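Text of data_15.cif (mmCIF, C-alpha atoms) as supplied:
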```
data_input
loop_
_atom_site.label_atom_id
_atom_site.label_comp_id
_atom_site.auth_asym_id
_atom_site.auth_seq_id
_atom_site.Cartn_x
_atom_site.Cartn_y
_atom_site.Cartn_z
CA MET I 899 17.50 -20.42 -12.85
CA ASP I 900 19.56 -22.43 -15.31
CA LEU I 901 20.90 -24.98 -12.84
CA LYS I 902 22.72 -26.93 -15.51
CA GLY I 903 24.50 -23.87 -16.84
CA ILE I 904 25.20 -22.04 -13.60
CA ASN I 905 28.76 -22.36 -12.26
CA ARG I 906 28.44 -20.70 -8.86
CA LEU I 907 25.63 -20.44 -6.35
CA GLU I 908 25.54 -18.95 -2.84
CA LEU I 909 22.96 -20.10 -0.29
CA PRO I 910 22.35 -19.80 3.44
CA PRO I 911 23.30 -22.95 5.36
CA THR I 912 20.88 -25.83 4.86
CA ALA I 913 18.61 -26.83 7.74
CA ASP I 914 18.19 -30.61 7.63
CA MET I 915 15.10 -31.40 9.66
CA HIS I 916 15.41 -35.21 9.59
CA VAL I 917 18.74 -36.95 10.12
CA HIS I 918 19.86 -40.34 11.41
CA LEU I 919 23.23 -40.18 13.10
CA ARG I 920 23.25 -43.66 14.68
CA GLN I 921 25.61 -44.52 17.54
CA GLY I 922 29.07 -45.89 18.28
CA LYS I 923 31.57 -46.07 15.42
CA LEU I 924 28.87 -45.39 12.82
CA MET I 925 27.99 -42.14 14.62
CA GLU I 926 31.65 -41.14 14.74
CA LEU I 927 31.93 -41.70 10.99
CA VAL I 928 28.79 -39.91 9.79
CA VAL I 929 28.42 -36.94 12.15
CA PRO I 930 31.31 -35.00 10.50
CA THR I 931 29.55 -35.36 7.13
CA VAL I 932 26.59 -33.25 8.30
CA ARG I 933 28.56 -30.05 7.91
CA GLN I 934 30.16 -31.38 4.73
CA GLY I 935 26.70 -31.41 3.12
CA GLY I 936 26.17 -27.71 3.83
CA VAL I 937 24.05 -28.23 6.97
CA ASP I 938 24.32 -26.15 10.16
CA THR I 939 21.07 -27.30 11.84
CA ALA I 940 19.90 -30.91 12.11
CA PHE I 941 16.82 -32.48 13.70
CA VAL I 942 18.09 -35.81 15.04
CA MET I 943 16.02 -39.00 15.08
CA PRO I 944 15.78 -41.05 18.32
CA ASN I 945 15.44 -44.62 16.96
CA LEU I 946 18.64 -45.93 18.47
CA VAL I 947 19.17 -49.23 20.28
CA PRO I 948 17.72 -48.82 22.85
CA PRO I 949 15.42 -45.99 21.69
CA LEU I 950 15.72 -42.59 23.35
CA THR I 951 12.70 -42.60 25.64
CA SER I 952 14.00 -40.45 28.52
CA VAL I 953 15.25 -36.91 28.80
CA GLU I 954 18.51 -38.19 30.29
CA GLN I 955 19.16 -40.47 27.30
CA VAL I 956 18.51 -37.65 24.83
CA LEU I 957 20.83 -35.22 26.61
CA GLU I 958 23.59 -37.84 26.84
CA TYR I 959 23.24 -38.51 23.10
CA LYS I 960 23.41 -34.79 22.35
CA SER I 961 26.62 -34.52 24.36
CA GLN I 962 28.10 -37.38 22.31
CA LEU I 963 27.21 -35.57 19.07
CA HIS I 964 28.68 -32.29 20.31
CA ALA I 965 31.87 -34.09 21.34
CA ILE I 966 32.32 -34.90 17.62
CA THR I 967 31.38 -31.48 16.24
CA LYS I 968 30.28 -28.19 17.78
CA ASP I 969 29.57 -26.62 14.38
CA VAL I 970 26.04 -28.06 14.08
CA ASN I 971 22.93 -27.07 16.03
CA PHE I 972 21.49 -30.49 16.92
CA LEU I 973 17.76 -30.41 17.61
CA MET I 974 16.89 -33.43 19.72
CA SER I 975 13.84 -35.68 19.96
CA LEU I 976 12.28 -38.34 22.16
CA PHE I 977 10.99 -41.69 20.85
CA LEU I 978 7.23 -41.92 21.50
CA HIS I 979 6.74 -44.73 24.00
CA PRO I 980 4.41 -45.42 26.96
CA SER I 981 7.12 -44.09 29.28
CA VAL I 982 6.89 -40.66 27.59
CA THR I 983 4.21 -39.25 29.88
CA PRO I 984 2.95 -35.66 30.19
CA GLN I 985 5.43 -35.23 33.05
CA VAL I 986 8.30 -36.31 30.79
CA ILE I 987 7.09 -33.82 28.16
CA ALA I 988 7.31 -31.00 30.73
CA GLN I 989 10.84 -32.11 31.61
CA ALA I 990 11.77 -32.33 27.93
CA ALA I 991 10.52 -28.82 27.25
CA ALA I 992 12.53 -27.48 30.19
CA ALA I 993 15.62 -29.30 28.89
CA GLY I 994 15.32 -27.77 25.41
CA ILE I 995 14.26 -30.94 23.58
CA THR I 996 12.52 -30.03 20.35
CA GLY I 997 10.15 -32.87 19.42
CA VAL I 998 8.80 -36.38 19.83
CA LYS I 999 9.02 -38.90 16.99
CA MET I 1000 6.18 -41.34 16.44
CA TYR I 1001 7.07 -44.64 14.79
CA PRO I 1002 4.29 -47.14 14.11
CA GLN I 1003 5.45 -50.41 15.59
CA GLY I 1004 7.63 -52.40 13.19
CA VAL I 1005 7.43 -50.19 10.10
CA THR I 1006 11.11 -49.24 9.76
CA THR I 1007 14.62 -49.49 11.25
CA ASN I 1008 14.64 -49.89 15.05
CA SER I 1009 10.88 -49.31 15.41
CA GLU I 1010 10.03 -52.51 17.28
CA SER I 1011 9.22 -50.41 20.37
CA GLY I 1012 6.95 -48.11 18.37
CA VAL I 1013 3.28 -47.24 18.68
CA SER I 1014 0.32 -49.54 18.09
CA ASN I 1015 -2.47 -47.31 19.48
CA LEU I 1016 -2.16 -43.54 19.05
CA GLU I 1017 -5.21 -42.71 21.17
CA SER I 1018 -3.40 -43.97 24.25
CA PHE I 1019 -0.99 -41.02 23.82
CA TYR I 1020 -3.60 -38.26 23.66
CA GLU I 1021 -2.65 -36.91 27.12
CA THR I 1022 0.98 -36.79 25.98
CA PHE I 1023 -0.01 -34.94 22.80
CA ALA I 1024 -2.01 -32.44 24.87
CA ALA I 1025 1.09 -31.83 26.99
CA MET I 1026 3.17 -31.35 23.84
CA GLU I 1027 0.63 -28.84 22.56
CA LYS I 1028 0.85 -26.99 25.89
CA HIS I 1029 4.65 -26.96 26.07
CA GLY I 1030 5.35 -26.30 22.38
CA LEU I 1031 7.02 -29.58 21.40
CA VAL I 1032 6.68 -30.81 17.82
CA LEU I 1033 5.11 -34.19 16.96
CA ASN I 1034 7.09 -35.83 14.16
CA LEU I 1035 5.20 -38.59 12.36
CA HIS I 1036 6.54 -41.54 10.41
CA GLY I 1037 3.40 -41.52 8.31
CA GLU I 1038 2.86 -45.15 7.38
CA VAL I 1039 0.73 -48.06 8.58
CA LEU I 1040 1.71 -51.70 8.73
CA GLU I 1041 1.16 -53.57 5.46
CA SER I 1042 -1.49 -55.73 7.12
CA LEU I 1043 -3.55 -52.60 7.88
CA ALA I 1044 -3.41 -50.97 4.44
CA PRO I 1045 -6.32 -51.52 2.04
CA ALA I 1046 -5.53 -53.18 -1.28
CA ASP I 1047 -3.99 -50.86 -3.89
CA THR I 1048 -3.28 -48.19 -1.27
CA THR I 1049 0.24 -47.15 -0.25
CA LEU I 1050 1.17 -47.39 3.42
CA GLU I 1051 1.53 -43.60 3.49
CA GLU I 1052 -1.87 -42.91 1.94
CA ALA I 1053 -3.48 -45.30 4.43
CA PHE I 1054 -2.01 -43.19 7.26
CA LEU I 1055 -3.30 -39.81 6.02
CA PRO I 1056 -6.72 -39.99 7.76
CA THR I 1057 -4.77 -40.33 11.03
CA LEU I 1058 -2.92 -37.09 10.27
CA LYS I 1059 -6.24 -35.31 9.71
CA LYS I 1060 -7.70 -36.74 12.92
CA LEU I 1061 -4.69 -35.71 15.02
CA HIS I 1062 -4.72 -32.19 13.62
CA GLU I 1063 -8.44 -31.78 14.29
CA ARG I 1064 -8.04 -33.07 17.86
CA PHE I 1065 -4.93 -30.97 18.62
CA PRO I 1066 -5.13 -27.90 16.33
CA GLN I 1067 -2.32 -25.99 18.09
CA LEU I 1068 0.07 -28.96 18.14
CA ARG I 1069 2.79 -28.52 15.55
CA ILE I 1070 2.91 -31.73 13.52
CA VAL I 1071 5.42 -32.74 10.84
CA LEU I 1072 4.56 -35.48 8.36
CA GLU I 1073 8.04 -36.79 7.76
CA HIS I 1074 9.50 -37.81 4.39
CA CYS I 1075 6.44 -37.33 2.14
CA THR I 1076 6.50 -39.72 -0.81
CA THR I 1077 3.10 -39.29 -2.51
CA ALA I 1078 1.06 -36.60 -4.20
CA ALA I 1079 -1.74 -37.55 -1.79
CA ALA I 1080 0.47 -36.72 1.21
CA VAL I 1081 1.25 -33.28 -0.22
CA GLU I 1082 -2.46 -32.55 -0.63
CA ALA I 1083 -3.26 -33.86 2.87
CA VAL I 1084 -0.69 -31.52 4.43
CA ARG I 1085 -1.97 -28.59 2.38
CA ALA I 1086 -5.51 -29.33 3.58
CA CYS I 1087 -4.42 -28.91 7.22
CA GLY I 1088 -3.86 -25.63 9.04
CA PRO I 1089 -0.55 -23.80 9.48
CA THR I 1090 0.54 -25.97 12.42
CA VAL I 1091 1.02 -28.95 10.08
CA GLY I 1092 4.14 -29.13 7.92
CA ALA I 1093 6.10 -31.81 6.11
CA THR I 1094 9.64 -32.77 5.19
CA ILE I 1095 10.73 -33.88 1.75
CA THR I 1096 14.01 -35.75 1.26
CA ALA I 1097 16.56 -35.40 -1.52
CA HIS I 1098 16.33 -39.05 -2.58
CA HIS I 1099 12.55 -39.06 -2.99
CA LEU I 1100 13.06 -36.29 -5.57
CA TYR I 1101 15.01 -38.63 -7.87
CA LEU I 1102 14.20 -42.25 -6.94
CA THR I 1103 11.16 -44.32 -7.89
CA SER I 1104 9.93 -47.69 -6.72
CA ASP I 1105 11.61 -49.49 -9.63
CA GLU I 1106 15.07 -48.38 -8.48
CA ALA I 1107 14.31 -48.96 -4.81
CA HIS I 1108 13.37 -52.57 -5.43
CA CYS I 1109 16.46 -53.49 -7.45
CA ASP I 1110 19.25 -51.35 -5.94
CA PRO I 1111 20.13 -51.88 -2.26
CA PHE I 1112 21.51 -48.34 -2.06
CA ALA I 1113 18.13 -46.99 -3.20
CA PHE I 1114 16.09 -49.15 -0.83
CA CYS I 1115 14.49 -47.18 2.01
CA LYS I 1116 11.37 -46.75 4.07
CA PRO I 1117 9.10 -45.22 3.05
CA ILE I 1118 9.64 -46.77 -0.36
CA PRO I 1119 9.87 -44.28 -3.24
CA LYS I 1120 6.70 -44.37 -5.27
CA LYS I 1121 5.61 -43.80 -8.89
CA PRO I 1122 7.28 -41.27 -11.21
CA THR I 1123 4.14 -39.14 -10.91
CA ASP I 1124 4.58 -39.01 -7.13
CA ARG I 1125 8.26 -38.13 -7.45
CA ASP I 1126 7.37 -35.33 -9.85
CA ALA I 1127 4.64 -34.05 -7.51
CA LEU I 1128 7.27 -33.72 -4.79
CA VAL I 1129 9.59 -31.83 -7.14
CA LYS I 1130 6.80 -29.39 -8.01
CA THR I 1131 6.10 -28.92 -4.30
CA VAL I 1132 9.75 -28.04 -3.61
CA VAL I 1133 9.63 -25.21 -6.15
CA SER I 1134 6.11 -24.07 -5.21
CA GLY I 1135 7.38 -21.78 -2.46
CA ASP I 1136 4.87 -23.26 0.00
CA PRO I 1137 6.38 -22.81 3.50
CA LYS I 1138 4.58 -25.89 4.82
CA PHE I 1139 7.19 -28.04 3.04
CA PHE I 1140 10.85 -28.02 3.99
CA PHE I 1141 13.96 -30.13 3.69
CA GLY I 1142 14.64 -33.23 5.78
CA SER I 1143 17.14 -35.62 4.24
CA ASP I 1144 16.21 -38.79 6.17
CA SER I 1145 19.81 -39.71 5.43
CA ALA I 1146 20.10 -43.17 6.97
CA PRO I 1147 23.53 -44.82 7.02
CA HIS I 1148 24.12 -48.57 7.16
CA PRO I 1149 27.45 -50.41 6.93
CA LEU I 1150 28.28 -51.07 3.29
CA GLN I 1151 28.62 -54.79 3.88
CA SER I 1152 25.06 -55.04 5.21
CA LYS I 1153 23.77 -53.46 1.99
CA THR I 1154 25.83 -55.52 -0.46
CA SER I 1155 25.58 -58.92 1.23
CA ALA I 1156 21.80 -58.96 1.70
CA ALA I 1157 19.51 -60.95 -0.58
CA GLN I 1158 17.49 -58.86 -3.06
CA GLY I 1159 14.78 -56.98 -1.21
CA LYS I 1160 16.33 -57.78 2.19
CA ALA I 1161 18.87 -54.98 2.50
CA PRO I 1162 18.48 -52.69 5.54
CA ALA I 1163 16.23 -49.74 4.72
CA GLY I 1164 17.99 -46.41 4.32
CA VAL I 1165 19.55 -44.13 1.72
CA TYR I 1166 22.71 -42.31 2.80
CA THR I 1167 22.97 -38.81 1.33
CA GLN I 1168 24.40 -36.70 4.18
CA PRO I 1169 27.77 -35.62 2.71
CA PHE I 1170 26.03 -34.21 -0.42
CA VAL I 1171 22.45 -33.44 0.68
CA THR I 1172 22.36 -29.88 -0.64
CA GLN I 1173 23.90 -30.82 -3.97
CA LEU I 1174 21.53 -33.79 -4.40
CA VAL I 1175 18.48 -31.54 -4.07
CA LEU I 1176 19.91 -29.27 -6.76
CA LEU I 1177 20.72 -32.28 -8.93
CA ALA I 1178 17.17 -33.60 -8.59
CA LEU I 1179 15.77 -30.25 -9.70
CA GLU I 1180 18.20 -30.17 -12.61
CA GLU I 1181 17.03 -33.64 -13.70
CA ALA I 1182 13.39 -32.57 -13.34
CA ILE I 1183 13.99 -29.61 -15.65
CA GLU I 1184 15.49 -31.98 -18.21
CA ARG I 1185 12.39 -34.22 -17.95
CA GLY I 1186 10.13 -31.20 -18.49
CA VAL I 1187 8.45 -31.57 -15.08
CA ILE I 1188 9.43 -28.02 -14.09
CA THR I 1189 11.01 -25.13 -15.96
CA GLU I 1190 14.14 -23.12 -15.28
CA ALA I 1191 11.88 -20.23 -14.29
CA ASP I 1192 10.35 -22.37 -11.52
CA VAL I 1193 13.71 -22.58 -9.73
CA THR I 1194 14.59 -19.27 -8.09
CA GLN I 1195 17.07 -18.18 -5.44
CA GLU I 1196 14.19 -17.37 -3.09
CA LYS I 1197 12.56 -20.78 -3.47
CA LEU I 1198 15.83 -22.66 -2.97
CA GLU I 1199 16.57 -20.66 0.17
CA GLY I 1200 13.03 -21.24 1.42
CA PHE I 1201 12.95 -25.01 0.99
CA LEU I 1202 16.53 -25.72 2.03
CA SER I 1203 16.89 -23.26 4.89
CA ARG I 1204 14.21 -20.75 5.85
CA PHE I 1205 10.94 -22.70 5.95
CA GLY I 1206 12.20 -25.39 8.32
CA ARG I 1207 13.68 -22.81 10.68
CA GLN I 1208 10.42 -20.84 10.65
CA PHE I 1209 8.29 -23.91 11.44
CA TYR I 1210 10.58 -24.85 14.33
CA LYS I 1211 10.67 -21.22 15.54
CA LEU I 1212 14.42 -20.91 15.06
CA PRO I 1213 16.32 -17.75 14.13
CA GLU I 1214 17.54 -17.19 10.61
CA ALA I 1215 20.96 -18.60 9.76
CA SER I 1216 23.69 -16.05 10.34
CA GLY I 1217 27.45 -15.72 10.11
CA LYS I 1218 28.18 -18.26 7.39
CA LYS I 1219 27.03 -19.14 3.90
CA ILE I 1220 27.63 -22.07 1.60
CA VAL I 1221 29.19 -21.59 -1.82
CA LEU I 1222 28.53 -24.17 -4.53
CA GLU I 1223 30.76 -24.25 -7.61
CA ARG I 1224 31.13 -26.49 -10.64
CA LYS I 1225 34.56 -28.10 -10.41
CA GLY I 1226 33.91 -31.54 -11.86
CA GLU I 1227 33.57 -33.19 -8.43
CA LYS I 1228 31.88 -36.58 -8.40
CA ILE I 1229 30.17 -38.30 -5.49
CA PRO I 1230 32.50 -41.01 -4.15
CA THR I 1231 31.36 -44.57 -3.64
CA SER I 1232 31.49 -44.34 0.14
CA VAL I 1233 32.78 -42.72 3.30
CA SER I 1234 35.17 -44.84 5.35
CA ALA I 1235 36.70 -44.87 8.80
CA GLU I 1236 40.41 -44.05 8.84
CA ASP I 1237 41.32 -47.59 9.89
CA GLY I 1238 39.10 -49.11 7.19
CA SER I 1239 36.93 -50.92 9.72
CA LEU I 1240 33.69 -49.28 8.59
CA GLU I 1241 32.36 -48.06 5.25
CA VAL I 1242 29.01 -46.53 4.24
CA GLY I 1243 27.84 -46.33 0.63
CA ILE I 1244 26.62 -42.96 -0.69
CA SER I 1245 23.58 -42.46 -2.93
CA LYS I 1246 24.24 -41.58 -6.57
CA ALA I 1247 27.93 -42.48 -6.40
CA GLY I 1248 29.84 -41.40 -9.51
CA THR I 1249 27.48 -38.53 -10.33
CA GLU I 1250 28.98 -35.10 -10.96
CA VAL I 1251 27.76 -32.46 -8.51
CA PHE I 1252 28.59 -28.98 -7.25
CA SER I 1253 31.56 -28.69 -4.91
CA LEU I 1254 30.57 -27.07 -1.62
CA ARG I 1255 32.55 -24.88 0.77
CA TRP I 1256 31.76 -22.58 3.69
CA GLU I 1257 32.38 -18.83 3.72
CA GLU I 1258 31.72 -15.93 6.05
CA SER I 1259 28.52 -14.20 4.96
#
```
What would you get if you wrote out this structure as structure tokens?
Amino acid sequence: MDLKGINRLELPPTADMHVHLRQGKLMELVVPTVRQGGVDTAFVMPNLVPPLTSVEQVLEYKSQLHAITKDVNFLMSLFLHPSVTPQVIAQAAAAGITGVKMYPQGVTTNSESGVSNLESFYETFAAMEKHGLVLNLHGEVLESLAPADTTLEEAFLPTLKKLHERFPQLRIVLEHCTTAAAVEAVRACGPTVGATITAHHLYLTSDEAHCDPFAFCKPIPKKPTDRDALVKTVVSGDPKFFFGSDSAPHPLQSKTSAAQGKAPAGVYTQPFVTQLVLLALEEAIERGVITEADVTQEKLEGFLSRFGRQFYKLPEASGKKIVLERKGEKIPTSVSAEDGSLEVGISKAGTEVFSLRWEES
């Protein structure tokens, strides 16, 4: 597929299996942009303040999201915490909660209440395996625990292998892969292990992340060779890998006023997530990493929509489709509240992308 030359593209709605929708005014601002980015299904992260550690909290949060839009299927998750016992897992399954997110303590935004000893949760994981909940892993270790010259993600990969061997029927997602090693580790596991890949890790590298506050995120983008390995994985057609934007909004002021290297971690892509994946593939073709023949309709539909739904045992998208057309649209600098009280900067501002609209299929 000649992405650069094509003027119109039709796709099923995107399933975004990793979103941060925050709370309060920030939630009210960003939730409407989920649909704007071509997404009809979103797996929502639970690292709020306080974190969502009870079924009641999760259901209340879901009701807040649905009060803003009813056009998105929000898949909800619990924050792994000592209070999330096997009994809570049974309640969560009965309430329709989809997964449990594991954050190592202190590795990213709002993870201070995260996990320091995974083995203490083995009974909870067994209950998840029994009841069909998904374990979603932020796959990094603390810097103090990583061997020299090893990324925080690569240092975590033996833990992924150990968990899979101990709980072979537990569906596990290694979230936001950033390294070639992570891709190989997921491939080495059985069919119950999958992984999400973001849009921004398909175009950013560590150099940009360390000098641009709007490119700074956790996990940090890695070397160009890692970025290119992710691109190749997206067009491989491997159903173990599917889209999860990890779009993470922060107020614009908090990004621009921070000292270099101290900006809050998160890249905000939500209003243009589908287009940014296509743009990253277009750029990869220009670099010679992949060819036009590597990008097919089937592979785009698989990565952006079908594979994630299949892993989460969801039905195929139906009723609507997204239409992408070249109209000269450029990504704006930010999204803003109507009263101007809140603004969030968007990744790749000023870049020309496809315009997106919804149609009946």
**Request:** May I have the residues at most 10 Å from (15.7, -34.0, 3.3) in the file's coordinates, counting all atoms listed in the file, as number ranges by chain?
**Result:** I: 912-917, 1073-1075, 1094-1100, 1140-1145, 1167-1168, 1171-1172, 1174-1175, 1201-1202
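Proximity of I:Ala1235, I:Leu1176, I:Ala993, I:Leu1102 to I:Gln1195, computed with all atoms listed in the file, is greatest for I:Leu1176.
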Please enumerate the residues selected by the PyMOL selection byres ((chain I and resi 1050) around 8) when evaluated against the supplied file, formatted as an mmCIF file with C-alpha atoms, in the frame of the given file.
```
data_model
loop_
_atom_site.group_PDB
_atom_site.id
_atom_site.type_symbol
_atom_site.label_atom_id
_atom_site.label_comp_id
_atom_site.auth_asym_id
_atom_site.auth_seq_id
_atom_site.Cartn_x
_atom_site.Cartn_y
_atom_site.Cartn_z
ATOM 1 C CA GLY I 1037 3.400 -41.520 8.310
ATOM 2 C CA GLU I 1038 2.860 -45.150 7.380
ATOM 3 C CA VAL I 1039 0.730 -48.060 8.580
ATOM 4 C CA LEU I 1040 1.710 -51.700 8.730
ATOM 5 C CA GLU I 1041 1.160 -53.570 5.460
ATOM 6 C CA ALA I 1044 -3.410 -50.970 4.440
ATOM 7 C CA THR I 1048 -3.280 -48.190 -1.270
ATOM 8 C CA THR I 1049 0.240 -47.150 -0.250
ATOM 9 C CA GLU I 1051 1.530 -43.600 3.490
ATOM 10 C CA GLU I 1052 -1.870 -42.910 1.940
ATOM 11 C CA ALA I 1053 -3.480 -45.300 4.430
ATOM 12 C CA PHE I 1054 -2.010 -43.190 7.260
#
```
**Prompt:** Any idea what's packed within 7 Å of I:Glu1241, counting only C-alpha atoms, ignoring anything in its chain fewer than 3 positions away? Could you give it as a PyMOL selection string?
**Reply:** chain I and resi 1149-1150+1232-1235
**Message:** the PyMOL selection byres ((chain I and resi 1255) around 9) - which residues does that actually catch in the file I just gave you? List them as a VMD selection string.
**Reply:** chain I and resid 934 936 1219 to 1223 1253 to 1254 1256 to 1257
**Prompt:** Contacts of I:Pro944 at 9 Å or less, counting only C-alpha atoms, minus same-chain residues fewer than 4 places along, as number ranges by chain?
**Reply:** I: 918, 920, 949-951, 956, 974-977, 998-999
Output of the above residues as a compact mmCIF listing (two decimals), keeping the file's coordinate frame, restricted to C-alpha atoms:
```
# COMPACT_ATOMS: atom_id res chain seq x y z
CA HIS I 918 19.86 -40.34 11.41
CA ARG I 920 23.25 -43.66 14.68
CA PRO I 949 15.42 -45.99 21.69
CA LEU I 950 15.72 -42.59 23.35
CA THR I 951 12.70 -42.60 25.64
CA VAL I 956 18.51 -37.65 24.83
CA MET I 974 16.89 -33.43 19.72
CA SER I 975 13.84 -35.68 19.96
CA LEU I 976 12.28 -38.34 22.16
CA PHE I 977 10.99 -41.69 20.85
CA VAL I 998 8.80 -36.38 19.83
CA LYS I 999 9.02 -38.90 16.99
```
**Asked** Mind pulling up the distance from atom CA of I:Glu1180 to atom CA of I:Glu1214?
**Response**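 Taking atom CA of I:Glu1214 and atom CA of I:Glu1180, their separation equals 26.6 Å.
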**Asked** What is the distance between atom CA of I:Gly935 and atom CA of I:Val970, in Å to one decimal?
**Response** 11.5 Å
Let me know the residues the PyMOL selection byres ((chain I and resi 1014) around 8) catches in the file above, as a PDB file with C-alpha atoms, keeping the file's coordinate frame.
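Saved result, expr01.pdb, follows:
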```pdb
ATOM      1  CA  PRO I1002       4.290 -47.140  14.110  1.00  0.00           C
ATOM      2  CA  GLN I1003       5.450 -50.410  15.590  1.00  0.00           C
ATOM      3  CA  GLY I1012       6.950 -48.110  18.370  1.00  0.00           C
ATOM      4  CA  VAL I1013       3.280 -47.240  18.680  1.00  0.00           C
ATOM      5  CA  ASN I1015      -2.470 -47.310  19.480  1.00  0.00           C
ATOM      6  CA  LEU I1016      -2.160 -43.540  19.050  1.00  0.00           C
TER       7      LEU I1016
END
```
Could you rebuild stretch 963-975 of chain I with N, CA, C and O atoms and give it back as an mmCIF file, keeping the file's coordinate frame?
```
data_model
loop_
_atom_site.group_PDB
_atom_site.id
_atom_site.type_symbol
_atom_site.label_atom_id
_atom_site.label_comp_id
_atom_site.auth_asym_id
_atom_site.auth_seq_id
_atom_site.Cartn_x
_atom_site.Cartn_y
_atom_site.Cartn_z
ATOM 1 N N LEU I 963 27.157 -36.216 20.386
ATOM 2 C CA LEU I 963 27.210 -35.570 19.070
ATOM 3 C C LEU I 963 28.077 -34.315 19.132
ATOM 4 O O LEU I 963 28.902 -34.071 18.239
ATOM 5 N N HIS I 964 27.904 -33.528 20.187
ATOM 6 C CA HIS I 964 28.680 -32.290 20.310
ATOM 7 C C HIS I 964 30.157 -32.563 20.580
ATOM 8 O O HIS I 964 31.009 -31.730 20.276
ATOM 9 N N ALA I 965 30.461 -33.728 21.132
ATOM 10 C CA ALA I 965 31.870 -34.090 21.340
ATOM 11 C C ALA I 965 32.560 -34.329 19.992
ATOM 12 O O ALA I 965 33.776 -34.199 19.885
ATOM 13 N N ILE I 966 31.769 -34.664 18.959
ATOM 14 C CA ILE I 966 32.320 -34.900 17.620
ATOM 15 C C ILE I 966 32.406 -33.601 16.831
ATOM 16 O O ILE I 966 33.391 -33.337 16.136
ATOM 17 N N THR I 967 31.356 -32.777 16.916
ATOM 18 C CA THR I 967 31.380 -31.480 16.240
ATOM 19 C C THR I 967 30.528 -30.492 17.024
ATOM 20 O O THR I 967 29.434 -30.828 17.475
ATOM 21 N N LYS I 968 31.040 -29.266 17.152
ATOM 22 C CA LYS I 968 30.280 -28.190 17.780
ATOM 23 C C LYS I 968 29.774 -27.197 16.740
ATOM 24 O O LYS I 968 29.221 -26.145 17.078
ATOM 25 N N ASP I 969 29.953 -27.524 15.466
ATOM 26 C CA ASP I 969 29.570 -26.620 14.380
ATOM 27 C C ASP I 969 28.168 -26.863 13.856
ATOM 28 O O ASP I 969 27.775 -26.277 12.838
ATOM 29 N N VAL I 970 27.410 -27.760 14.502
ATOM 30 C CA VAL I 970 26.040 -28.060 14.080
ATOM 31 C C VAL I 970 25.108 -27.866 15.261
ATOM 32 O O VAL I 970 25.414 -28.288 16.385
ATOM 33 N N ASN I 971 23.979 -27.208 15.014
ATOM 34 C CA ASN I 971 22.930 -27.070 16.030
ATOM 35 C C ASN I 971 22.055 -28.328 15.965
ATOM 36 O O ASN I 971 21.241 -28.471 15.065
ATOM 37 N N PHE I 972 22.254 -29.246 16.906
ATOM 38 C CA PHE I 972 21.490 -30.490 16.920
ATOM 39 C C PHE I 972 20.187 -30.277 17.689
ATOM 40 O O PHE I 972 20.200 -29.959 18.883
ATOM 41 N N LEU I 973 19.078 -30.449 16.986
ATOM 42 C CA LEU I 973 17.760 -30.410 17.610
ATOM 43 C C LEU I 973 17.376 -31.838 17.964
ATOM 44 O O LEU I 973 17.396 -32.719 17.108
ATOM 45 N N MET I 974 17.027 -32.060 19.223
ATOM 46 C CA MET I 974 16.890 -33.430 19.720
ATOM 47 C C MET I 974 15.420 -33.835 19.891
ATOM 48 O O MET I 974 14.540 -32.997 20.070
ATOM 49 N N SER I 975 15.204 -35.156 19.875
ATOM 50 C CA SER I 975 13.840 -35.680 19.960
ATOM 51 C C SER I 975 13.785 -36.917 20.852
ATOM 52 O O SER I 975 14.758 -37.654 20.999
#
```
